[in-house]
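target_34.txt (compact mmCIF, C-alpha atoms) appears below.
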```txt
# COMPACT_ATOMS: atom_id res chain seq x y z
CA MET A 1 -138.57 -52.54 -203.90
CA ARG A 2 -135.65 -50.79 -202.17
CA THR A 3 -132.43 -52.08 -203.77
CA TYR A 4 -128.77 -52.02 -202.73
CA ILE A 5 -125.84 -53.10 -204.90
CA VAL A 6 -123.28 -55.54 -203.52
CA LEU A 7 -120.09 -55.85 -205.57
CA THR A 8 -118.96 -59.39 -204.85
CA ASN A 9 -115.84 -59.82 -206.99
CA SER A 10 -114.23 -58.75 -210.25
CA ASP A 11 -112.95 -62.10 -211.52
CA CYS A 12 -114.94 -64.00 -214.13
CA ASN A 13 -114.70 -67.22 -216.08
CA LEU A 14 -115.52 -65.37 -219.33
CA ARG A 15 -113.94 -62.46 -221.19
CA CYS A 16 -116.88 -60.87 -222.96
CA SER A 17 -115.98 -58.47 -225.76
CA TYR A 18 -117.69 -55.38 -224.33
CA CYS A 19 -117.19 -55.95 -220.59
CA CYS A 20 -117.16 -52.70 -218.60
CA GLU A 21 -114.57 -54.08 -216.20
CA CYS A 22 -111.24 -53.14 -217.69
CA ARG A 23 -109.19 -55.30 -215.33
CA LYS A 24 -109.96 -58.75 -214.01
CA ARG A 25 -108.60 -59.18 -210.49
CA ALA A 26 -108.78 -61.96 -207.96
CA ALA A 27 -110.18 -59.75 -205.18
CA VAL A 28 -113.39 -60.95 -203.50
CA PHE A 29 -115.68 -58.91 -201.24
CA ASN A 30 -115.32 -58.88 -197.47
CA VAL A 31 -118.55 -60.14 -195.95
CA GLU A 32 -118.42 -58.27 -192.63
CA ASP A 33 -117.35 -55.00 -194.24
CA ASN A 34 -120.37 -55.19 -196.55
CA ILE A 35 -122.69 -56.06 -193.67
CA ASP A 36 -121.44 -53.00 -191.76
CA TYR A 37 -121.82 -50.85 -194.89
CA LEU A 38 -125.39 -52.03 -195.45
CA LEU A 39 -126.24 -51.40 -191.80
CA ARG A 40 -125.07 -47.80 -192.23
CA ARG A 41 -127.01 -47.34 -195.47
CA LEU A 42 -130.20 -48.82 -194.04
CA GLY A 43 -129.77 -46.72 -190.91
CA GLU A 44 -129.69 -43.62 -193.12
CA ASP A 45 -132.63 -44.73 -195.28
CA ALA A 46 -134.83 -45.98 -192.41
CA PRO A 47 -136.94 -48.63 -194.19
CA GLN A 48 -140.41 -49.40 -192.90
CA ALA A 49 -140.91 -52.49 -190.73
CA GLY A 50 -141.86 -55.43 -192.95
CA GLU A 51 -140.52 -53.72 -196.08
CA LYS A 52 -138.93 -55.92 -198.74
CA VAL A 53 -135.31 -55.02 -199.49
CA LEU A 54 -133.34 -56.42 -202.42
CA LEU A 55 -129.57 -56.93 -202.27
CA TYR A 56 -128.32 -57.09 -205.86
CA CYS A 57 -125.11 -59.13 -206.03
CA ILE A 58 -122.99 -58.43 -209.09
CA GLY A 59 -119.43 -59.21 -210.22
CA GLY A 60 -117.46 -60.28 -212.19
CA GLU A 61 -119.20 -63.60 -211.96
CA SER A 62 -120.62 -63.84 -208.45
CA LEU A 63 -121.29 -67.58 -208.66
CA LEU A 64 -117.55 -68.25 -208.77
CA HIS A 65 -117.75 -67.90 -204.98
CA PRO A 66 -120.88 -69.72 -203.72
CA GLN A 67 -119.44 -70.35 -200.24
CA LYS A 68 -118.79 -66.63 -199.80
CA LEU A 69 -122.30 -65.81 -200.98
CA ASP A 70 -123.73 -68.39 -198.59
CA THR A 71 -121.90 -66.78 -195.68
CA PHE A 72 -123.06 -63.33 -196.77
CA PHE A 73 -126.70 -64.38 -197.09
CA SER A 74 -126.59 -66.00 -193.66
CA ARG A 75 -125.05 -62.94 -192.03
CA VAL A 76 -127.68 -60.68 -193.64
CA LYS A 77 -130.43 -62.82 -192.14
CA GLU A 78 -128.67 -62.83 -188.75
CA ARG A 79 -127.70 -59.16 -188.47
CA ILE A 80 -129.71 -57.02 -190.88
CA ASP A 81 -133.24 -58.44 -190.99
CA PRO A 82 -133.76 -58.47 -187.18
CA ARG A 83 -132.20 -55.03 -186.76
CA PHE A 84 -134.65 -53.32 -189.13
CA ALA A 85 -137.52 -55.85 -189.11
CA ILE A 86 -137.30 -56.09 -192.90
CA ASP A 87 -137.64 -58.93 -195.40
CA THR A 88 -134.39 -59.16 -197.36
CA ARG A 89 -134.25 -60.88 -200.73
CA PHE A 90 -131.24 -61.43 -203.00
CA MET A 91 -130.58 -61.01 -206.70
CA ILE A 92 -127.52 -62.53 -208.39
CA GLN A 93 -126.46 -61.41 -211.87
CA THR A 94 -124.78 -64.34 -213.61
CA ASN A 95 -123.51 -65.43 -216.99
CA GLY A 96 -125.27 -68.72 -216.27
CA THR A 97 -122.42 -71.06 -217.12
CA LEU A 98 -121.81 -72.22 -213.52
CA VAL A 99 -125.39 -72.75 -212.37
CA THR A 100 -125.43 -76.52 -212.95
CA ARG A 101 -122.22 -77.21 -211.03
CA SER A 102 -122.74 -79.12 -207.79
CA GLU A 103 -121.55 -76.45 -205.36
CA GLN A 104 -123.46 -73.66 -207.10
CA SER A 105 -126.65 -75.69 -207.52
CA ALA A 106 -126.60 -76.72 -203.84
CA PHE A 107 -126.25 -73.07 -202.84
CA LEU A 108 -129.17 -72.04 -205.06
CA GLU A 109 -131.30 -74.90 -203.72
CA LYS A 110 -130.62 -73.74 -200.16
CA TRP A 111 -131.68 -70.15 -200.84
CA ARG A 112 -134.33 -70.78 -203.50
CA ASN A 113 -137.09 -69.06 -201.51
CA VAL A 114 -135.28 -65.71 -201.27
CA VAL A 115 -133.02 -65.57 -204.32
CA ARG A 116 -133.53 -64.29 -207.86
CA LEU A 117 -131.23 -64.87 -210.80
CA GLY A 118 -130.49 -62.41 -213.58
CA PHE A 119 -129.05 -64.22 -216.58
CA SER A 120 -126.83 -62.39 -219.08
CA ILE A 121 -127.96 -63.80 -222.43
CA ASP A 122 -127.33 -61.69 -225.50
CA GLY A 123 -129.89 -63.18 -227.85
CA MET A 124 -129.80 -66.07 -230.28
CA LYS A 125 -126.86 -68.45 -230.37
CA TYR A 126 -124.91 -66.76 -233.17
CA LYS A 127 -125.13 -63.38 -231.44
CA HIS A 128 -124.46 -64.57 -227.88
CA ASN A 129 -121.46 -66.70 -228.87
CA ARG A 130 -119.89 -63.85 -230.84
CA ASP A 131 -119.61 -61.58 -227.80
CA ARG A 132 -119.65 -64.08 -224.90
CA CYS A 133 -116.87 -66.53 -225.63
CA GLY A 134 -119.04 -69.27 -227.14
CA SER A 135 -120.90 -69.81 -223.85
CA PHE A 136 -124.46 -70.06 -225.23
CA ASP A 137 -125.09 -73.76 -224.63
CA ALA A 138 -123.75 -73.68 -221.06
CA CYS A 139 -125.77 -70.55 -220.31
CA ILE A 140 -129.03 -72.03 -221.63
CA ASP A 141 -128.38 -75.23 -219.66
CA GLY A 142 -128.00 -73.05 -216.56
CA LEU A 143 -131.24 -71.21 -217.32
CA GLU A 144 -133.20 -74.43 -217.83
CA TYR A 145 -131.84 -75.84 -214.57
CA ALA A 146 -132.70 -72.63 -212.71
CA LYS A 147 -136.27 -72.90 -213.99
CA THR A 148 -136.59 -76.23 -212.14
CA LEU A 149 -135.68 -74.51 -208.86
CA LEU A 150 -137.21 -71.06 -209.20
CA SER A 151 -140.46 -69.59 -210.47
CA PRO A 152 -140.45 -67.41 -213.63
CA GLU A 153 -140.92 -64.38 -211.36
CA GLN A 154 -137.51 -65.11 -209.83
CA ILE A 155 -135.62 -65.12 -213.14
CA THR A 156 -134.79 -62.23 -215.47
CA ILE A 157 -132.60 -61.82 -218.55
CA LYS A 158 -130.34 -58.96 -219.57
CA GLY A 159 -129.04 -58.89 -223.14
CA THR A 160 -126.37 -56.46 -224.29
CA PHE A 161 -126.35 -55.33 -227.91
CA THR A 162 -123.98 -53.44 -230.19
CA VAL A 163 -124.44 -51.31 -233.32
CA GLU A 164 -123.92 -54.28 -235.63
CA ASP A 165 -126.88 -56.04 -233.97
CA ILE A 166 -129.43 -53.38 -234.93
CA PRO A 167 -130.61 -54.98 -238.24
CA ARG A 168 -131.51 -58.20 -236.35
CA PHE A 169 -132.34 -56.63 -232.98
CA ALA A 170 -136.03 -57.61 -233.00
CA GLU A 171 -135.53 -61.31 -233.66
CA ASN A 172 -132.96 -61.54 -230.87
CA VAL A 173 -135.20 -59.76 -228.36
CA LYS A 174 -138.20 -61.90 -229.32
CA TYR A 175 -136.08 -64.98 -228.71
CA LEU A 176 -135.16 -63.76 -225.22
CA LEU A 177 -138.78 -62.92 -224.45
CA SER A 178 -139.77 -66.46 -225.40
CA LEU A 179 -137.50 -68.10 -222.79
CA GLY A 180 -140.10 -68.12 -220.01
CA VAL A 181 -138.75 -65.61 -217.49
CA SER A 182 -140.40 -62.59 -215.86
CA SER A 183 -138.64 -59.79 -217.72
CA VAL A 184 -136.02 -59.02 -220.37
CA LYS A 185 -133.77 -55.98 -220.50
CA SER A 186 -132.10 -55.27 -223.84
CA ASN A 187 -129.52 -52.57 -223.27
CA PHE A 188 -126.77 -51.37 -225.61
CA ASP A 189 -123.06 -51.44 -224.86
CA THR A 190 -122.32 -48.13 -223.14
CA GLY A 191 -118.89 -48.02 -224.74
CA THR A 192 -120.30 -47.61 -228.24
CA VAL A 193 -121.96 -44.73 -230.08
CA ILE A 194 -125.06 -45.50 -232.15
CA PRO A 195 -125.01 -43.26 -235.27
CA GLU A 196 -128.09 -41.06 -235.34
CA ARG A 197 -128.80 -42.19 -238.92
CA LEU A 198 -129.67 -45.61 -237.42
CA ALA A 199 -132.34 -44.22 -235.09
CA SER A 200 -135.20 -44.96 -237.51
CA LEU A 201 -134.00 -48.52 -238.16
CA LEU A 202 -133.67 -49.22 -234.44
CA ALA A 203 -137.10 -47.69 -233.80
CA TRP A 204 -138.60 -49.94 -236.49
CA GLN A 205 -136.96 -52.97 -234.90
CA MET A 206 -138.26 -51.99 -231.45
CA CYS A 207 -141.78 -51.43 -232.75
CA SER A 208 -141.61 -54.88 -234.35
CA VAL A 209 -141.04 -56.28 -230.84
CA VAL A 210 -144.05 -54.28 -229.60
CA ASP A 211 -146.21 -55.80 -232.37
CA TRP A 212 -145.05 -59.27 -231.39
CA LEU A 213 -145.83 -58.66 -227.71
CA ALA A 214 -149.31 -57.39 -228.57
CA GLU A 215 -150.09 -60.26 -230.93
CA THR A 216 -148.71 -63.11 -228.81
CA LYS A 217 -149.75 -61.65 -225.43
CA CYS A 218 -146.35 -62.78 -224.19
CA PRO A 219 -146.30 -62.90 -220.35
CA THR A 220 -142.67 -61.79 -220.23
CA TRP A 221 -142.21 -58.04 -219.73
CA TRP A 222 -139.82 -56.07 -221.96
CA SER A 223 -138.16 -53.47 -219.76
CA GLU A 224 -137.51 -51.10 -222.68
CA LEU A 225 -141.14 -50.09 -222.21
CA ASN A 226 -140.56 -48.92 -218.63
CA ASP A 227 -140.94 -45.24 -217.82
CA PRO A 228 -137.37 -43.92 -217.45
CA SER A 229 -138.28 -40.53 -215.99
CA ALA A 230 -137.61 -41.55 -212.39
CA PHE A 231 -133.88 -41.88 -213.14
CA ALA A 232 -133.51 -39.30 -215.91
CA ASP A 233 -132.59 -36.37 -213.67
CA LEU A 234 -129.71 -38.44 -212.33
CA GLY A 235 -128.48 -39.27 -215.83
CA CYS A 236 -128.36 -42.90 -214.79
CA GLY A 237 -130.20 -46.07 -215.75
CA VAL A 238 -130.35 -47.38 -212.19
CA GLY A 239 -130.51 -44.18 -210.13
CA ASP A 240 -128.86 -43.57 -206.78
CA GLY A 241 -129.37 -47.21 -205.85
CA SER A 242 -126.12 -48.12 -207.59
CA ARG A 243 -123.90 -46.87 -204.77
CA CYS A 244 -121.78 -49.68 -203.37
CA LEU A 245 -118.73 -50.63 -201.37
CA GLY A 246 -115.77 -51.32 -203.62
CA LEU A 247 -113.44 -54.27 -203.22
CA ASP A 248 -110.86 -51.80 -201.92
CA GLY A 249 -113.13 -50.70 -199.06
CA HIS A 250 -114.07 -47.30 -200.56
CA GLU A 251 -117.63 -46.29 -201.36
CA TYR A 252 -118.34 -45.57 -205.04
CA PRO A 253 -121.31 -43.90 -206.77
CA CYS A 254 -121.71 -46.95 -209.03
CA PHE A 255 -120.44 -50.53 -209.27
CA VAL A 256 -118.98 -49.77 -212.72
CA PHE A 257 -116.59 -47.27 -211.17
CA ALA A 258 -115.98 -49.54 -208.21
CA SER A 259 -114.82 -52.21 -210.66
CA ASN A 260 -112.43 -49.72 -212.31
CA ASN A 261 -111.22 -47.64 -209.39
CA ASP A 262 -109.23 -45.30 -211.60
CA ARG A 263 -112.62 -43.66 -212.24
CA ARG A 264 -113.36 -42.95 -208.61
CA ALA A 265 -113.28 -39.18 -209.13
CA ALA A 266 -115.85 -39.22 -211.96
CA VAL A 267 -118.93 -37.22 -210.98
CA CYS A 268 -122.38 -37.61 -212.52
CA GLN A 269 -123.41 -34.28 -214.03
CA GLU A 270 -125.44 -33.01 -216.96
CA ALA A 271 -123.68 -32.68 -220.32
CA ASN A 272 -123.87 -29.14 -221.72
CA GLU A 273 -125.53 -30.08 -225.01
CA CYS A 274 -128.18 -32.19 -223.25
CA THR A 275 -129.63 -29.58 -220.91
CA ALA A 276 -132.33 -28.30 -223.30
CA CYS A 277 -133.03 -31.57 -225.13
CA VAL A 278 -136.71 -32.39 -225.57
CA LEU A 279 -135.97 -36.03 -224.65
CA LYS A 280 -133.96 -35.26 -221.54
CA CYS A 281 -136.65 -36.88 -219.38
CA CYS A 282 -136.33 -40.11 -221.38
CA CYS A 283 -132.54 -40.38 -221.54
CA VAL A 284 -130.86 -42.50 -218.87
CA PRO A 285 -127.46 -43.80 -220.07
CA CYS A 286 -124.46 -43.25 -217.83
CA VAL A 287 -123.41 -39.60 -217.89
CA ALA A 288 -120.39 -40.19 -215.67
CA ALA A 289 -118.96 -42.83 -218.02
CA MET A 290 -119.64 -40.55 -220.95
CA LEU A 291 -117.80 -37.62 -219.35
CA ALA A 292 -114.92 -39.86 -218.33
CA GLY A 293 -114.65 -40.88 -221.99
CA GLY A 294 -114.36 -37.26 -223.10
CA HIS A 295 -117.70 -36.99 -224.93
CA ALA A 296 -119.35 -33.57 -225.28
CA LYS A 297 -122.82 -35.06 -224.95
CA ARG A 298 -124.49 -38.38 -224.27
CA PRO A 299 -123.64 -40.58 -227.27
CA TRP A 300 -126.85 -42.64 -227.21
CA CYS A 301 -129.29 -40.18 -228.78
CA ALA A 302 -130.38 -42.65 -231.48
CA TYR A 303 -131.19 -45.21 -228.81
CA THR A 304 -133.17 -42.70 -226.76
CA TRP A 305 -135.23 -41.62 -229.78
CA ALA A 306 -135.90 -45.22 -230.81
CA ARG A 307 -136.95 -46.31 -227.34
CA THR A 308 -139.21 -43.28 -226.90
CA ILE A 309 -140.97 -44.08 -230.19
CA ALA A 310 -141.37 -47.72 -229.15
CA ARG A 311 -142.86 -46.72 -225.77
CA MET A 312 -145.37 -44.41 -227.47
CA TYR A 313 -146.24 -47.13 -229.96
CA ALA A 314 -146.73 -49.64 -227.13
CA MET A 315 -149.20 -47.24 -225.50
CA LEU A 316 -151.14 -47.01 -228.76
CA ARG A 317 -151.18 -50.80 -229.02
CA LYS A 318 -152.17 -51.04 -225.35
CA VAL A 319 -149.30 -53.32 -224.37
CA GLU A 320 -149.57 -53.52 -220.58
CA LYS A 321 -147.21 -54.78 -217.93
CA PRO A 322 -148.11 -58.33 -216.80
CA TRP A 323 -149.30 -58.82 -213.25
CA HIS A 324 -146.17 -60.71 -212.16
CA SER A 325 -143.84 -57.79 -212.84
```
Show this structure as structure tokens.
Amino acid sequence: MRTYIVLTNSDCNLRCSYCCECRKRAAVFNVEDNIDYLLRRLGEDAPQAGEKVLLYCIGGESLLHPQKLDTFFSRVKERIDPRFAIDTRFMIQTNGTLVTRSEQSAFLEKWRNVVRLGFSIDGMKYKHNRDRCGSFDACIDGLEYAKTLLSPEQITIKGTFTVEDIPRFAENVKYLLSLGVSSVKSNFDTGTVIPERLASLLAWQMCSVVDWLAETKCPTWWSELNDPSAFADLGCGVGDGSRCLGLDGHEYPCFVFASNNDRRAAVCQEANECTACVLKCCCVPCVAAMLAGGHAKRPWCAYTWARTIARMYAMLRKVEKPWHS
């Protein structure tokens, strides 16, 4: 599905330990500016009539501003869908803690047929609370409420992990996969370097998840098993679909840089030591963030090796993507 990023705001009700947004500001997106920007992008891309298009709304915490989102969704349906004869859907990435509030729940009820929710849940309670300000119970309450409004296919989970989580990585991922959503993404904090000596331990943990998926026939898809080659040449986990309009009105190559506009000049390019790597086609962490941080090469080699081994192992175990994904 063709996807466009919409940066809605940078403020958030949490202060997660690894957040990529260095500064929390009160700025909120301008609806009409984003509509005009999307009209230009769609005009350039020329989608087919009847094509499904996903607008991925990300903050900050987007659900801090349900009235603004409601206005945006309405304007998309008024201006964009008729113009291109497309079927626009919406995805909101959320920390989940606001979902059960009256204003937010009414908004989700109104748009339940065209909205998806991506919950940021970092694993079991001890792990999630350590990095996400003790918000586990509120987040799970939000997830359970969302499941009464939306189908499993409309809900995903993204968990962020750090080096210290590697020894218990598998049990945390299995927990997320058991929560009854369509897919789980288990990425690592891009601000950390995984020592290469831990590659074998992480690979073992990932293969343990593969075994569990094969044995339980879990209907939830683990996105670590996706083929990354489509984005690898861009050195980016999301590809060129991450371009967006910043809160300052400038276009950025990625919402991460839009959130930290001191990085506007960062350019995605190949690191010198990565050019001849045998796993180049499997490596998709953010090259631009890595270069901005002064690294000589991508600092996630252990992760790339571990994930590649897990994908090969999943093929041997014939773990297939469920129909709903």
Which residues come within 6 Å of stretch 97-112 of chain A, counting all atoms listed in the file, excluding same-chain residues fewer than 6 positions away, as a list of chain:residue names?
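So the residues in contact are A:Pro66, A:Ala138, A:Cys139, A:Gly142.
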In Å, with one decimal, what is the gap from atom CA of A:Gly118 to atom CA of A:Ser183?
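Separation between atom CA of A:Gly118 and atom CA of A:Ser183: 9.5 Å.
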For A:Ala46, which residue among A:Ala85, A:Ser178, A:Tyr252, A:Lys185 is the nearest when counting only C-alpha atoms?
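Among the listed residues, the smallest separation from A:Ala46 belongs to A:Ala85.
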In Å, rounded to a single decimal, give me how far atom CA of A:Glu51 is from atom CA of A:Ala258.
27.7 Å
Can you tell me, as number ranges by chain, what residues are no more than 12 Å from A:Asp211 when counting only C-alpha atoms, ignoring any on the same chain fewer than 4 positions away?
A: 170, 174, 204-207, 215-218, 310-311, 313-319
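Using all atoms listed in the file, the smallest distance between any of A:Val114, A:Asp45, A:Val163, A:Ile309 and A:Phe73 comes from A:Val114.
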With distances taken over only C-alpha atoms, which residue among A:Thr192, A:Thr160, A:Ser151, A:Thr88 lies nearest A:Ser120?
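Looking at the shortest contact to A:Ser120, the residue is A:Thr160.
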Tell me, in Å to one decimal, how far atom CA of A:Met91 is from atom CA of A:Val115.
5.7 Å
Identify which of the residues A:Glu44, A:Glu251, A:Asp87, A:Asn172 lies closest to A:Lys125, counting all atoms listed in the file when measuring atom-to-atom distances.
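Looking at the shortest contact to A:Lys125, the residue is A:Asn172.
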I'd like the contact shell of A:Ala27 - 8 Å cut-off, all atoms listed in the file, skipping same-chain residues fewer than 3 positions apart - returned as a list of chain:residue names.
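Counting all atoms listed in the file, the residues come to A:Asn9, A:Ser10, A:Asp11, A:Leu247.
The shell of residues at most 9 Å from A:Asn34, with all atoms listed in the file counted and near chain neighbours (fewer than 6 positions) removed, consists of Val6, Phe72, Cys244, Leu245 and Gly249 of chain A.
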Smallest atom-to-atom distance to A:Gly60: which of A:Gln93, A:Asn129, A:Ser17, A:Ser74, using all atoms listed in the file?
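Looking only at the distances to A:Gly60, the closest residue turns out to be A:Gln93.
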Any idea what's packed within 12 Å of A:Tyr175, counting all atoms listed in the file, ignoring anything in its chain fewer than 5 positions away? Could you give it as a PDB file with C-alpha atoms, keeping the file's coordinate frame?
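Final output, selection31.pdb:
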```
ATOM      1  CA  ILE A 121    -127.960 -63.800-222.430  1.00  0.00           C
ATOM      2  CA  ASP A 122    -127.330 -61.690-225.500  1.00  0.00           C
ATOM      3  CA  GLY A 123    -129.890 -63.180-227.850  1.00  0.00           C
ATOM      4  CA  MET A 124    -129.800 -66.070-230.280  1.00  0.00           C
ATOM      5  CA  LYS A 125    -126.860 -68.450-230.370  1.00  0.00           C
ATOM      6  CA  LYS A 127    -125.130 -63.380-231.440  1.00  0.00           C
ATOM      7  CA  HIS A 128    -124.460 -64.570-227.880  1.00  0.00           C
ATOM      8  CA  ILE A 157    -132.600 -61.820-218.550  1.00  0.00           C
ATOM      9  CA  GLY A 159    -129.040 -58.890-223.140  1.00  0.00           C
ATOM     10  CA  ARG A 168    -131.510 -58.200-236.350  1.00  0.00           C
ATOM     11  CA  PHE A 169    -132.340 -56.630-232.980  1.00  0.00           C
ATOM     12  CA  ALA A 170    -136.030 -57.610-233.000  1.00  0.00           C
ATOM     13  CA  GLY A 180    -140.100 -68.120-220.010  1.00  0.00           C
ATOM     14  CA  VAL A 181    -138.750 -65.610-217.490  1.00  0.00           C
ATOM     15  CA  VAL A 184    -136.020 -59.020-220.370  1.00  0.00           C
ATOM     16  CA  SER A 186    -132.100 -55.270-223.840  1.00  0.00           C
ATOM     17  CA  VAL A 209    -141.040 -56.280-230.840  1.00  0.00           C
ATOM     18  CA  TRP A 212    -145.050 -59.270-231.390  1.00  0.00           C
ATOM     19  CA  LEU A 213    -145.830 -58.660-227.710  1.00  0.00           C
ATOM     20  CA  CYS A 218    -146.350 -62.780-224.190  1.00  0.00           C
ATOM     21  CA  THR A 220    -142.670 -61.790-220.230  1.00  0.00           C
ATOM     22  CA  TRP A 222    -139.820 -56.070-221.960  1.00  0.00           C
TER      23      TRP A 222
END
```
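Near (-120.1, -59.5, -228.6), the residues that fall inside 10 Å on the basis of all atoms listed in the file are Cys16, Ser17, Tyr18, Cys19, Asp122, Tyr126, Lys127, His128, Asn129, Arg130, Asp131, Arg132, Cys133, Gly134, Thr160, Phe161, Thr162, Glu164, Asp165 and Asp189 of chain A.
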Would you save the residues from that selection as a PDB file, keeping the file's coordinate frame, using C-alpha atoms?
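Output file result-v3.pdb follows:
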```pdb
ATOM      1  CA  CYS A  16    -116.880 -60.870-222.960  1.00  0.00           C
ATOM      2  CA  SER A  17    -115.980 -58.470-225.760  1.00  0.00           C
ATOM      3  CA  TYR A  18    -117.690 -55.380-224.330  1.00  0.00           C
ATOM      4  CA  CYS A  19    -117.190 -55.950-220.590  1.00  0.00           C
ATOM      5  CA  ASP A 122    -127.330 -61.690-225.500  1.00  0.00           C
ATOM      6  CA  TYR A 126    -124.910 -66.760-233.170  1.00  0.00           C
ATOM      7  CA  LYS A 127    -125.130 -63.380-231.440  1.00  0.00           C
ATOM      8  CA  HIS A 128    -124.460 -64.570-227.880  1.00  0.00           C
ATOM      9  CA  ASN A 129    -121.460 -66.700-228.870  1.00  0.00           C
ATOM     10  CA  ARG A 130    -119.890 -63.850-230.840  1.00  0.00           C
ATOM     11  CA  ASP A 131    -119.610 -61.580-227.800  1.00  0.00           C
ATOM     12  CA  ARG A 132    -119.650 -64.080-224.900  1.00  0.00           C
ATOM     13  CA  CYS A 133    -116.870 -66.530-225.630  1.00  0.00           C
ATOM     14  CA  GLY A 134    -119.040 -69.270-227.140  1.00  0.00           C
ATOM     15  CA  THR A 160    -126.370 -56.460-224.290  1.00  0.00           C
ATOM     16  CA  PHE A 161    -126.350 -55.330-227.910  1.00  0.00           C
ATOM     17  CA  THR A 162    -123.980 -53.440-230.190  1.00  0.00           C
ATOM     18  CA  GLU A 164    -123.920 -54.280-235.630  1.00  0.00           C
ATOM     19  CA  ASP A 165    -126.880 -56.040-233.970  1.00  0.00           C
ATOM     20  CA  ASP A 189    -123.060 -51.440-224.860  1.00  0.00           C
TER      21      ASP A 189
END
```
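Distances to A:Asn113 were evaluated for A:Thr308, A:Ser182, A:Gln154, A:Asn260 using all atoms listed in the file, and the minimum falls at A:Gln154.
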